[in-house]
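Single-structure report; data block below.
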Amino acid sequence: MEQPLPTAAAEAAAGGGDGDGEAYRIRPLELADISRGFLGLLNQLSPSPPLTEDAFRARFEELAALGADHLVLVAEDAATGRLAAAGAVLVERKFIRRCGRVGHVEDVVVDAAARGRGLGERVVRRLVEHARGRGCYKVILNCTPELTGFYAKCGFVEKNVQMGLYF
């Protein structure tokens, strides 16, 4: 969360913009985003009990302490200040691959009213570039079968099988 990201001009020059490039700004999560709809956005991904502002602040500070190994990006609507998309990448430090690093993309969500504008793809591409910049040799994620086409557009290929054990 500490590492600065490219400006909108640099993003456009790198081909990261789209038709809504001026309308939405991709940036790191901020503490003030609790009042810009961040938790409601995440609730569209996975419904969960309400989170207090104190709990949000504590988790935000905990993640910020991880530095560039944990990045949460949001897409902010320039006109309203509301958040329209979000996603995160966590950098895992391994022993294999000569102490390599793996990026894990998590919690990608686009507000139902903002879908179809390329925001999810923009967020995912920025997360992948962040992982690449941190020296990751691969970036992985889990998704439902309905989303494999979306992630294929972002350059991902289906590999292996996901399994989970929930508590």
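Going through the structure tokens in order, the chains are called A, B, and so on, while each chain numbers its residues from 1 and the ligands are numbered from 1 in the order shown.
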**Item:** Per-residue DSSP, stretch 28-127 of chain A, filtered to helix (DSSP H, G or I), as a count of residues only
**Value:** 45
Problem set entry | Close residues, stretch 73-90 of chain A itself excluded, 6 Å, only C-alpha atoms, min 5 positions apart in chain, as JSON, numbers by chain | {"A": [23, 24, 25, 26, 27, 28, 29, 36, 37, 103, 104, 105, 106, 107, 108, 109, 110, 111, 127]}
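Our summary of the geometry notes that atom CA of A:Gly133 is positioned 10.8 Å from atom CA of A:Asp69.
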Point to revise | Residue neighbourhood A:Leu31, 10 Å, only C-alpha atoms, exclusion window fewer than 4 positions, as an MDAnalysis selection string | key: chainID A and resid 35:36 38 53 56:57 60:61
Now that the selection is made, can you save its residues with N, CA, C and O atoms as a compact mmCIF listing (two decimals), in the first residue's frame?
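File written: result.txt
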```
# COMPACT_ATOMS: atom_id res chain seq x y z
N SER A 35 -15.64 5.14 3.83
CA SER A 35 -16.80 6.00 3.59
C SER A 35 -17.09 6.16 2.09
O SER A 35 -18.05 6.84 1.73
N ARG A 36 -16.29 5.56 1.25
CA ARG A 36 -16.50 5.63 -0.21
C ARG A 36 -17.09 4.33 -0.75
O ARG A 36 -17.09 4.10 -1.95
N PHE A 38 -16.16 1.01 0.15
CA PHE A 38 -15.29 -0.15 0.01
C PHE A 38 -15.92 -1.43 0.57
O PHE A 38 -15.91 -2.47 -0.09
N GLU A 53 -15.54 0.71 11.97
CA GLU A 53 -14.47 1.56 11.47
C GLU A 53 -13.16 1.25 12.19
O GLU A 53 -12.09 1.25 11.58
N PHE A 56 -11.76 -1.89 10.66
CA PHE A 56 -11.21 -1.56 9.34
C PHE A 56 -9.86 -0.89 9.48
O PHE A 56 -8.90 -1.26 8.80
N ARG A 57 -9.77 0.09 10.35
CA ARG A 57 -8.51 0.82 10.57
C ARG A 57 -7.40 -0.13 11.03
O ARG A 57 -6.28 -0.06 10.53
N PHE A 60 -6.34 -2.28 8.10
CA PHE A 60 -5.64 -1.43 7.14
C PHE A 60 -4.20 -1.22 7.59
O PHE A 60 -3.27 -1.36 6.80
N GLU A 61 -4.01 -0.88 8.85
CA GLU A 61 -2.67 -0.63 9.38
C GLU A 61 -1.82 -1.90 9.38
O GLU A 61 -0.63 -1.86 9.08
```
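The interatomic distance for the pair atom CA of A:Lys159 and atom CA of A:Cys136 works out to 17.4 Å.
In this comparison, which uses only C-alpha atoms, the residue of A:Glu30, A:Glu121, A:Glu62, A:Glu22 approaching A:Tyr151 most closely is A:Glu121.
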Tell me, which residues of stretch 40-150 of chain A carry DSSP strand (DSSP E or B), written as number ranges by chain? A: 70-77, 83-93, 101-110, 136-140
If you count only C-alpha atoms, the residue of A:Val161, A:Ala55, A:Ser46, A:Lys153 closest to A:Gly120 turns out to be A:Lys153
